[in-house]
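Reproduced below: run.cif, with mmCIF, C-alpha atoms and all ligand atoms.
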```cif
data_my_file
#
loop_
_atom_site.label_atom_id
_atom_site.label_comp_id
_atom_site.auth_asym_id
_atom_site.auth_seq_id
_atom_site.Cartn_x
_atom_site.Cartn_y
_atom_site.Cartn_z
CA MET A 28 0.00 0.00 0.00
CA PHE A 29 1.37 3.45 -0.95
CA GLU A 30 1.59 5.29 2.38
CA LYS A 31 1.31 8.72 0.83
CA ALA A 32 0.59 10.77 3.95
CA ARG A 33 3.54 9.25 5.78
CA LEU A 34 5.90 9.70 2.87
CA HIS A 35 4.99 13.35 2.48
CA ALA A 36 5.66 13.93 6.18
CA VAL A 37 9.39 13.70 5.36
CA GLU A 38 10.88 17.11 4.64
CA PRO A 39 14.32 16.77 3.05
CA PHE A 40 15.34 20.40 3.39
CA PRO A 41 13.58 21.87 6.43
CA GLY A 42 12.38 25.41 5.82
CA GLN A 43 13.46 25.37 2.19
CA GLN A 44 11.92 24.36 -1.07
CA PRO A 45 13.58 21.04 -2.00
CA LEU A 46 15.34 21.39 -5.30
CA ALA A 47 15.05 18.69 -7.88
CA ARG A 48 15.44 18.94 -11.59
CA LYS A 49 16.38 16.99 -14.67
CA ALA A 50 20.10 16.22 -14.78
CA ARG A 51 22.52 18.38 -16.75
CA LEU A 52 25.87 17.57 -18.34
CA THR A 53 27.61 19.28 -15.41
CA ASP A 54 25.95 16.84 -12.98
CA VAL A 55 27.59 13.73 -14.43
CA ASN A 56 30.73 13.79 -12.28
CA GLY A 57 28.65 14.16 -9.12
CA MET A 58 26.29 11.36 -10.18
CA PHE A 59 29.29 9.16 -11.00
CA ARG A 60 30.77 9.81 -7.56
CA ILE A 61 27.58 9.07 -5.59
CA ILE A 62 26.59 5.94 -7.55
CA ASN A 63 30.06 4.42 -7.60
CA HIS A 64 30.57 5.08 -3.89
CA TYR A 65 27.81 2.51 -3.29
CA ALA A 66 28.90 0.28 -6.20
CA GLU A 67 32.32 -0.14 -4.56
CA LYS A 68 30.49 -1.45 -1.50
CA GLN A 69 28.46 -3.86 -3.70
CA ARG A 70 25.25 -2.01 -2.80
CA MET A 71 24.34 -1.11 -6.37
CA LEU A 72 25.65 -1.63 -9.88
CA PRO A 73 28.46 0.64 -11.10
CA LYS A 74 27.91 3.18 -13.89
CA THR A 75 30.52 4.46 -16.31
CA HIS A 76 30.69 8.04 -17.52
CA LEU A 77 29.62 6.75 -20.94
CA GLN A 78 26.48 5.10 -19.51
CA LEU A 79 25.62 8.28 -17.62
CA TYR A 80 26.10 10.59 -20.60
CA GLU A 81 24.22 8.27 -22.97
CA ASN A 82 21.22 8.04 -20.63
CA LEU A 83 21.43 11.53 -19.11
CA ARG A 84 17.88 12.44 -20.18
CA ASP A 85 16.57 9.64 -17.94
CA TYR A 86 18.12 11.18 -14.82
CA SER A 87 16.78 13.60 -12.24
CA VAL A 88 18.90 15.02 -9.45
CA ALA A 89 18.25 16.46 -6.00
CA THR A 90 20.43 19.36 -4.90
CA GLU A 91 21.19 21.01 -1.61
CA GLY A 92 18.62 23.76 -0.98
CA SER A 93 21.22 26.44 -0.29
CA ALA A 94 23.69 25.27 -2.95
CA PRO A 95 21.73 24.44 -6.10
CA ASN A 96 24.71 22.92 -7.90
CA ARG A 97 25.66 20.58 -5.07
CA LEU A 98 24.18 17.15 -5.79
CA VAL A 99 22.78 15.18 -2.88
CA GLY A 100 21.11 12.42 -4.89
CA CYS A 101 20.09 11.13 -8.29
CA GLY A 102 17.86 8.56 -9.91
CA ALA A 103 16.64 7.61 -13.38
CA LEU A 104 13.44 6.55 -15.09
CA HIS A 105 14.22 4.48 -18.18
CA ILE A 106 11.42 3.61 -20.59
CA TYR A 107 11.44 0.08 -22.03
CA TRP A 108 8.14 -0.34 -23.79
CA GLU A 109 4.72 1.25 -24.24
CA ASN A 110 3.68 0.38 -20.69
CA LEU A 111 6.92 -0.37 -18.88
CA ALA A 112 9.73 1.66 -17.29
CA GLU A 113 12.54 1.05 -14.80
CA ILE A 114 13.74 3.12 -11.86
CA ARG A 115 17.51 2.74 -11.86
CA ALA A 116 20.61 4.15 -10.22
CA LEU A 117 18.77 5.74 -7.30
CA ALA A 118 21.41 6.95 -4.86
CA VAL A 119 21.66 9.53 -2.10
CA ALA A 120 25.05 10.87 -0.96
CA PRO A 121 25.89 9.05 2.29
CA GLU A 122 26.25 12.27 4.29
CA ASN A 123 22.67 13.17 3.31
CA ALA A 124 21.07 9.78 4.02
CA ASN A 125 17.85 9.50 6.02
CA ARG A 126 16.70 13.04 5.29
CA GLY A 127 13.88 11.92 2.98
CA ILE A 128 15.81 12.64 -0.22
CA GLY A 129 15.54 9.04 -1.52
CA THR A 130 11.79 9.13 -0.91
CA TYR A 131 11.55 12.52 -2.62
CA LEU A 132 13.39 11.24 -5.71
CA VAL A 133 11.30 8.04 -5.95
CA GLU A 134 8.08 10.08 -5.77
CA LEU A 135 9.44 12.42 -8.43
CA LEU A 136 10.29 9.51 -10.75
CA LEU A 137 6.91 7.84 -10.14
CA ASN A 138 5.15 11.12 -10.95
CA GLU A 139 7.18 11.35 -14.14
CA ALA A 140 6.03 7.80 -14.99
CA ARG A 141 2.39 8.68 -14.26
CA GLU A 142 2.61 11.78 -16.45
CA MET A 143 3.90 9.59 -19.27
CA GLN A 144 1.01 7.16 -18.65
CA ILE A 145 3.36 4.30 -17.90
CA GLU A 146 1.41 1.43 -16.33
CA GLN A 147 4.17 -0.53 -14.66
CA VAL A 148 7.50 0.44 -13.07
CA PHE A 149 10.06 -2.16 -12.08
CA LEU A 150 13.50 -2.10 -10.52
CA PHE A 151 16.30 -4.35 -9.36
CA THR A 152 17.60 -3.66 -5.87
CA TYR A 153 19.30 -4.87 -2.69
CA GLU A 154 16.96 -2.60 -0.69
CA PRO A 155 13.48 -4.19 -0.92
CA ARG A 156 12.29 -2.71 2.37
CA PHE A 157 12.91 0.83 1.18
CA PHE A 158 10.97 0.32 -2.06
CA SER A 159 8.09 -1.63 -0.50
CA ARG A 160 7.12 1.65 1.22
CA PHE A 161 5.94 2.90 -2.20
CA GLY A 162 3.95 -0.25 -2.98
CA PHE A 163 6.62 -2.11 -4.96
CA ILE A 164 6.26 -5.87 -4.56
CA GLN A 165 8.91 -8.51 -5.07
CA VAL A 166 8.54 -10.74 -8.15
CA GLU A 167 10.49 -13.65 -9.64
CA HIS A 168 13.17 -12.59 -12.14
CA ARG A 169 11.72 -14.97 -14.72
CA THR A 170 8.41 -13.06 -14.75
CA MET A 171 10.13 -9.93 -16.11
CA PRO A 172 10.02 -9.39 -19.90
CA LEU A 173 13.27 -10.55 -21.53
CA LYS A 174 13.86 -7.08 -22.97
CA VAL A 175 14.67 -5.68 -19.53
CA TYR A 176 17.81 -7.82 -19.37
CA ASN A 177 19.48 -5.83 -22.18
CA GLU A 178 21.52 -3.81 -19.64
CA CYS A 179 22.54 -6.98 -17.82
CA PHE A 180 24.95 -7.99 -20.58
CA HIS A 181 27.28 -5.26 -19.29
CA CYS A 182 26.89 -6.29 -15.67
CA PRO A 183 29.75 -7.97 -13.77
CA LYS A 184 27.10 -10.18 -12.13
CA PHE A 185 25.57 -11.39 -15.40
CA ASN A 186 24.23 -14.95 -14.86
CA LYS A 187 24.66 -14.71 -11.08
CA CYS A 188 22.37 -11.77 -10.34
CA ASP A 189 21.55 -11.44 -6.64
CA GLU A 190 19.44 -8.27 -6.86
CA LEU A 191 15.73 -8.56 -6.15
CA ALA A 192 13.19 -7.70 -8.86
CA MET A 193 10.30 -5.48 -7.75
CA VAL A 194 7.27 -4.15 -9.59
CA LEU A 195 4.72 -1.39 -9.00
CA HIS A 196 1.47 -1.08 -11.00
CA LEU A 197 0.56 2.61 -11.27
C1 LIG B 201 18.14 3.52 -0.52
C2 LIG B 201 18.47 5.00 -0.48
C3 LIG B 201 18.24 5.63 -1.87
C4 LIG B 201 17.53 5.68 0.54
O1 LIG B 201 17.75 7.08 0.50
P1 LIG B 201 17.51 8.00 1.78
O2 LIG B 201 17.47 9.40 1.31
O3 LIG B 201 18.47 7.68 2.86
O4 LIG B 201 16.07 7.49 2.20
P2 LIG B 201 14.97 8.33 2.97
O5 LIG B 201 15.61 9.28 3.91
O6 LIG B 201 14.00 8.86 1.99
O7 LIG B 201 14.32 7.17 3.78
C5 LIG B 201 13.02 7.24 4.18
C6 LIG B 201 12.72 6.06 5.04
O8 LIG B 201 13.21 4.85 4.48
C7 LIG B 201 14.08 4.23 5.41
N1 LIG B 201 15.18 3.67 4.67
C8 LIG B 201 16.19 4.33 4.09
N2 LIG B 201 17.02 3.45 3.51
C9 LIG B 201 16.48 2.22 3.73
C10 LIG B 201 16.86 0.91 3.40
N3 LIG B 201 17.98 0.68 2.73
N4 LIG B 201 16.07 -0.12 3.77
C11 LIG B 201 14.95 0.12 4.48
N5 LIG B 201 14.54 1.34 4.84
C12 LIG B 201 15.31 2.38 4.46
C13 LIG B 201 14.52 5.32 6.34
O9 LIG B 201 14.89 4.80 7.60
C14 LIG B 201 13.30 6.14 6.41
O10 LIG B 201 12.35 5.55 7.27
P3 LIG B 201 11.39 6.43 8.20
O11 LIG B 201 10.60 7.29 7.25
O12 LIG B 201 10.58 5.40 8.91
O13 LIG B 201 12.32 7.21 9.07
C15 LIG B 201 19.92 5.29 -0.01
O14 LIG B 201 20.14 4.60 1.22
C16 LIG B 201 20.98 4.84 -0.99
O15 LIG B 201 21.43 5.65 -1.79
N6 LIG B 201 21.37 3.55 -0.91
C17 LIG B 201 22.44 2.99 -1.76
C18 LIG B 201 22.01 2.84 -3.16
C19 LIG B 201 20.79 1.94 -3.33
O16 LIG B 201 20.66 0.92 -2.69
N7 LIG B 201 19.89 2.36 -4.24
C20 LIG B 201 18.70 1.61 -4.57
C21 LIG B 201 18.95 0.67 -5.70
S1 LIG B 201 18.39 1.27 -7.28
#
```
Show me the file's structure as structure tokens.
Amino acid sequence: MFEKARLHAVEPFPGQQPLARKARLTDVNGMFRIINHYAEKQRMLPKTHLQLYENLRDYSVATEGSAPNRLVGCGALHIYWENLAEIRALAVAPENANRGIGTYLVELLLNEAREMQIEQVFLFTYEPRFFSRFGFIQVEHRTMPLKVYNECFHCPKFNKCDELAMVLHL
């Protein structure tokens, strides 16, 4: 169940308008740093600069309220098919964790999906508890359309994937 009231109770930047926007070319180094910080700890998949530049239009970023160019988090919505998209590479800078920024970014990406009339959003993650707060439910990998495994060919864990697949029907 999507606990909307509870999620909106989180205020990432007290007293300030939270800043989130589509990513720009100048954000790529910051996105690379945040994502690969967690990738080195095996908490998410790594991204190269090439992958980030090629898919930059998928990404949104959250920035520090008082310093609009200072990234505190990022995440992407990647469209696969007429009714299907993926949330990928969601990451919040460790020094800004637990301030509601991850929640804020997921809501932003889900709203983007709703605006595009996407029916189903999926993701692969090691953090099922975090995503279940939005109504994502865990599914078997084999129930996902084969097309979504395109990215997996580049993954160091290809054929031994230990991430959990989750789906949300909008
Ligand atoms: C998962 C992640 C994005 C959460 O971001 P965040 O900004 O710290 O999360 P929020 O502050 O919005 O968290 C809101 C709530 O979720 C909880 N939460 C945060 N991370 C959680 C996790 N990994 N598992 C379960 N609950 C989590 C918080 O305790 C908080 O609960 P509360 O509202 O009851 O206090 C962040 O920890 C991260 O970048 N992790 C590494 C990368 C990753 O795993 N990304 C997801 C894969 S695509």
Write out as a Markdown table a residue-level contact list of chain A versus ligand LIG 201 (chain B) with cut-off 6 Å: for each qualifying residue the closest pair of atoms and the distance in Å to one decimal, counting all atoms listed in the file, rows sorted by chain and residue number upward.
```
| residue | atom | partner | partner_atom | distance |
| --- | --- | --- | --- | --- |
| A:Tyr65 | CA | B:LIG201 | C17 | 5.6 |
| A:Arg70 | CA | B:LIG201 | O16 | 5.4 |
| A:Met71 | CA | B:LIG201 | C19 | 5.6 |
| A:Arg115 | CA | B:LIG201 | S1 | 4.9 |
| A:Ala116 | CA | B:LIG201 | S1 | 4.7 |
| A:Leu117 | CA | B:LIG201 | S1 | 4.5 |
| A:Ala118 | CA | B:LIG201 | O15 | 3.3 |
| A:Val119 | CA | B:LIG201 | O15 | 3.9 |
| A:Ala124 | CA | B:LIG201 | O3 | 3.5 |
| A:Asn125 | CA | B:LIG201 | O5 | 3.1 |
| A:Arg126 | CA | B:LIG201 | O5 | 4.2 |
| A:Gly127 | CA | B:LIG201 | O6 | 3.2 |
| A:Ile128 | CA | B:LIG201 | O2 | 3.9 |
| A:Gly129 | CA | B:LIG201 | O2 | 3.4 |
| A:Thr130 | CA | B:LIG201 | O6 | 3.7 |
| A:Thr152 | CA | B:LIG201 | C21 | 4.5 |
| A:Tyr153 | CA | B:LIG201 | O16 | 5.9 |
| A:Glu154 | CA | B:LIG201 | N3 | 4.8 |
| A:Arg156 | CA | B:LIG201 | C11 | 4.4 |
| A:Phe157 | CA | B:LIG201 | C11 | 3.9 |
```
For this session: For atom CA of Asp85 of chain A and atom CA of Met193 of chain A, quote the distance in Å rounded to one decimal.
Result: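 For atom CA of Asp85 of chain A relative to atom CA of Met193 of chain A, the distance reads 19.3 Å.
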Determine, for each residue of segment 66-117 of chain A having at least one atom at most 8 Å from an atom of segment 138-147 of chain A, the closest pair of atoms and their separation in Å to one decimal, counting only C-alpha atoms; order by chain and ascending number, as CSV.
```
residue,atom,partner,partner_atom,distance
A:Leu104,CA,A:Ala140,CA,7.5
A:Glu109,CA,A:Ile145,CA,7.2
A:Asn110,CA,A:Ile145,CA,4.8
A:Leu111,CA,A:Gln147,CA,5.0
A:Ala112,CA,A:Gln147,CA,6.5
```
Box in all listed atoms of segment 157-174 of chain A, axis-aligned, with 6 Å more on each side; write out centre and edge lengths in Å to one decimal as lines of an AutoDock Vina configuration file.
```
center_x = 8.9
center_y = -6.0
center_z = -10.9
size_x = 21.9
size_y = 29.9
size_z = 36.2
```
For this session: Would you mind listing what lies within 10 Å of Phe149 of chain A as a list in words, with all atoms listed in the file counted and same-chain residues fewer than 5 positions away left out?
Result: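 Listing them by chain and then by number gives Leu104, His105, Leu111, Ala112, Glu113, Ile114, Arg115, Phe163, Ile164, Gln165, Val166, Met171, Val175, Ala192, Met193, Val194, Leu195 and His196 of chain A.
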Exercise. In Å, how far is it from atom CA of Arg48 of chain A to atom CA of Thr90 of chain A?
Worked result: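 Separation between atom CA of Arg48 of chain A and atom CA of Thr90 of chain A: 8.4 Å.
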Exercise. With all atoms listed in the file as the atoms that count, which of A:Ala89, A:Leu150, A:Ala103, A:Leu79 lies nearest to Asn123 of chain A?
Worked result: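 Ranking A:Ala89, A:Leu150, A:Ala103, A:Leu79 by distance to Asn123 of chain A, first place goes to A:Ala89.
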Output segment 102-113 of chain A as a PDB file, in the frame of the given file, making sure all heavy atoms are there.
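Final output, selection_37.pdb:
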```pdb
ATOM      1  N   GLY A 102      18.613   9.772  -9.578  1.00  0.00           N
ATOM      2  CA  GLY A 102      17.860   8.560  -9.910  1.00  0.00           C
ATOM      3  C   GLY A 102      17.340   8.697 -11.331  1.00  0.00           C
ATOM      4  O   GLY A 102      17.202   9.824 -11.842  1.00  0.00           O
ATOM      5  N   ALA A 103      17.039   7.569 -11.975  1.00  0.00           N
ATOM      6  CA  ALA A 103      16.640   7.610 -13.380  1.00  0.00           C
ATOM      7  C   ALA A 103      15.366   6.823 -13.620  1.00  0.00           C
ATOM      8  O   ALA A 103      15.080   5.845 -12.918  1.00  0.00           O
ATOM      9  CB  ALA A 103      17.765   7.044 -14.249  1.00  0.00           C
ATOM     10  N   LEU A 104      14.600   7.295 -14.594  1.00  0.00           N
ATOM     11  CA  LEU A 104      13.440   6.550 -15.090  1.00  0.00           C
ATOM     12  C   LEU A 104      13.729   6.212 -16.538  1.00  0.00           C
ATOM     13  O   LEU A 104      13.865   7.112 -17.371  1.00  0.00           O
ATOM     14  CB  LEU A 104      12.169   7.402 -14.989  1.00  0.00           C
ATOM     15  CG  LEU A 104      10.901   6.679 -15.430  1.00  0.00           C
ATOM     16  CD1 LEU A 104      10.437   5.702 -14.334  1.00  0.00           C
ATOM     17  CD2 LEU A 104       9.775   7.675 -15.736  1.00  0.00           C
ATOM     18  N   HIS A 105      13.856   4.913 -16.831  1.00  0.00           N
ATOM     19  CA  HIS A 105      14.220   4.480 -18.180  1.00  0.00           C
ATOM     20  C   HIS A 105      13.036   3.737 -18.797  1.00  0.00           C
ATOM     21  O   HIS A 105      12.557   2.750 -18.235  1.00  0.00           O
ATOM     22  CB  HIS A 105      15.445   3.563 -18.109  1.00  0.00           C
ATOM     23  CG  HIS A 105      15.917   3.125 -19.451  1.00  0.00           C
ATOM     24  ND1 HIS A 105      16.665   3.939 -20.277  1.00  0.00           N
ATOM     25  CD2 HIS A 105      15.733   1.963 -20.132  1.00  0.00           C
ATOM     26  CE1 HIS A 105      16.931   3.295 -21.393  1.00  0.00           C
ATOM     27  NE2 HIS A 105      16.371   2.098 -21.342  1.00  0.00           N
ATOM     28  N   ILE A 106      12.582   4.233 -19.944  1.00  0.00           N
ATOM     29  CA  ILE A 106      11.420   3.610 -20.590  1.00  0.00           C
ATOM     30  C   ILE A 106      11.859   2.402 -21.428  1.00  0.00           C
ATOM     31  O   ILE A 106      12.846   2.481 -22.168  1.00  0.00           O
ATOM     32  CB  ILE A 106      10.689   4.628 -21.483  1.00  0.00           C
ATOM     33  CG1 ILE A 106      10.117   5.736 -20.606  1.00  0.00           C
ATOM     34  CG2 ILE A 106       9.566   3.960 -22.277  1.00  0.00           C
ATOM     35  CD1 ILE A 106       9.455   6.846 -21.358  1.00  0.00           C
ATOM     36  N   TYR A 107      11.129   1.297 -21.276  1.00  0.00           N
ATOM     37  CA  TYR A 107      11.440   0.080 -22.030  1.00  0.00           C
ATOM     38  C   TYR A 107      10.444  -0.204 -23.145  1.00  0.00           C
ATOM     39  O   TYR A 107      10.788  -0.709 -24.197  1.00  0.00           O
ATOM     40  CB  TYR A 107      11.440  -1.135 -21.089  1.00  0.00           C
ATOM     41  CG  TYR A 107      12.785  -1.360 -20.487  1.00  0.00           C
ATOM     42  CD1 TYR A 107      13.099  -0.814 -19.255  1.00  0.00           C
ATOM     43  CD2 TYR A 107      13.758  -2.085 -21.159  1.00  0.00           C
ATOM     44  CE1 TYR A 107      14.342  -0.995 -18.701  1.00  0.00           C
ATOM     45  CE2 TYR A 107      15.011  -2.265 -20.619  1.00  0.00           C
ATOM     46  CZ  TYR A 107      15.297  -1.723 -19.392  1.00  0.00           C
ATOM     47  OH  TYR A 107      16.532  -1.894 -18.852  1.00  0.00           O
ATOM     48  N   TRP A 108       9.182   0.074 -22.855  1.00  0.00           N
ATOM     49  CA  TRP A 108       8.140  -0.340 -23.790  1.00  0.00           C
ATOM     50  C   TRP A 108       6.944   0.546 -23.572  1.00  0.00           C
ATOM     51  O   TRP A 108       6.975   1.418 -22.684  1.00  0.00           O
ATOM     52  CB  TRP A 108       7.832  -1.831 -23.545  1.00  0.00           C
ATOM     53  CG  TRP A 108       7.250  -2.544 -24.731  1.00  0.00           C
ATOM     54  CD1 TRP A 108       6.014  -3.139 -24.784  1.00  0.00           C
ATOM     55  CD2 TRP A 108       7.846  -2.742 -26.016  1.00  0.00           C
ATOM     56  NE1 TRP A 108       5.823  -3.697 -26.015  1.00  0.00           N
ATOM     57  CE2 TRP A 108       6.919  -3.458 -26.803  1.00  0.00           C
ATOM     58  CE3 TRP A 108       9.062  -2.360 -26.592  1.00  0.00           C
ATOM     59  CZ2 TRP A 108       7.172  -3.811 -28.130  1.00  0.00           C
ATOM     60  CZ3 TRP A 108       9.328  -2.714 -27.910  1.00  0.00           C
ATOM     61  CH2 TRP A 108       8.388  -3.439 -28.656  1.00  0.00           C
ATOM     62  N   GLU A 109       5.846   0.313 -24.312  1.00  0.00           N
ATOM     63  CA  GLU A 109       4.720   1.250 -24.240  1.00  0.00           C
ATOM     64  C   GLU A 109       4.142   1.371 -22.829  1.00  0.00           C
ATOM     65  O   GLU A 109       3.526   2.371 -22.491  1.00  0.00           O
ATOM     66  CB  GLU A 109       3.617   0.838 -25.216  1.00  0.00           C
ATOM     67  CG  GLU A 109       3.082  -0.546 -24.954  1.00  0.00           C
ATOM     68  CD  GLU A 109       1.935  -0.913 -25.881  1.00  0.00           C
ATOM     69  OE1 GLU A 109       1.517  -0.063 -26.676  1.00  0.00           O
ATOM     70  OE2 GLU A 109       1.470  -2.059 -25.805  1.00  0.00           O
ATOM     71  N   ASN A 110       4.309   0.345 -22.015  1.00  0.00           N
ATOM     72  CA  ASN A 110       3.680   0.380 -20.690  1.00  0.00           C
ATOM     73  C   ASN A 110       4.669   0.107 -19.555  1.00  0.00           C
ATOM     74  O   ASN A 110       4.263  -0.161 -18.438  1.00  0.00           O
ATOM     75  CB  ASN A 110       2.554  -0.663 -20.629  1.00  0.00           C
ATOM     76  CG  ASN A 110       3.069  -2.045 -20.999  1.00  0.00           C
ATOM     77  OD1 ASN A 110       4.247  -2.186 -21.338  1.00  0.00           O
ATOM     78  ND2 ASN A 110       2.221  -3.037 -20.926  1.00  0.00           N
ATOM     79  N   LEU A 111       5.950   0.143 -19.845  1.00  0.00           N
ATOM     80  CA  LEU A 111       6.920  -0.370 -18.880  1.00  0.00           C
ATOM     81  C   LEU A 111       8.152   0.538 -18.756  1.00  0.00           C
ATOM     82  O   LEU A 111       8.750   0.921 -19.762  1.00  0.00           O
ATOM     83  CB  LEU A 111       7.387  -1.757 -19.348  1.00  0.00           C
ATOM     84  CG  LEU A 111       8.332  -2.528 -18.436  1.00  0.00           C
ATOM     85  CD1 LEU A 111       7.624  -2.901 -17.135  1.00  0.00           C
ATOM     86  CD2 LEU A 111       8.842  -3.779 -19.142  1.00  0.00           C
ATOM     87  N   ALA A 112       8.518   0.863 -17.516  1.00  0.00           N
ATOM     88  CA  ALA A 112       9.730   1.660 -17.290  1.00  0.00           C
ATOM     89  C   ALA A 112      10.446   1.132 -16.043  1.00  0.00           C
ATOM     90  O   ALA A 112       9.860   0.426 -15.217  1.00  0.00           O
ATOM     91  CB  ALA A 112       9.380   3.125 -17.115  1.00  0.00           C
ATOM     92  N   GLU A 113      11.725   1.502 -15.933  1.00  0.00           N
ATOM     93  CA  GLU A 113      12.540   1.050 -14.800  1.00  0.00           C
ATOM     94  C   GLU A 113      13.044   2.264 -14.012  1.00  0.00           C
ATOM     95  O   GLU A 113      13.490   3.246 -14.606  1.00  0.00           O
ATOM     96  CB  GLU A 113      13.750   0.260 -15.328  1.00  0.00           C
ATOM     97  CG  GLU A 113      14.707  -0.159 -14.221  1.00  0.00           C
ATOM     98  CD  GLU A 113      15.964  -0.870 -14.748  1.00  0.00           C
ATOM     99  OE1 GLU A 113      16.244  -0.783 -15.968  1.00  0.00           O
ATOM    100  OE2 GLU A 113      16.662  -1.491 -13.938  1.00  0.00           O
TER     101      GLU A 113
END
```
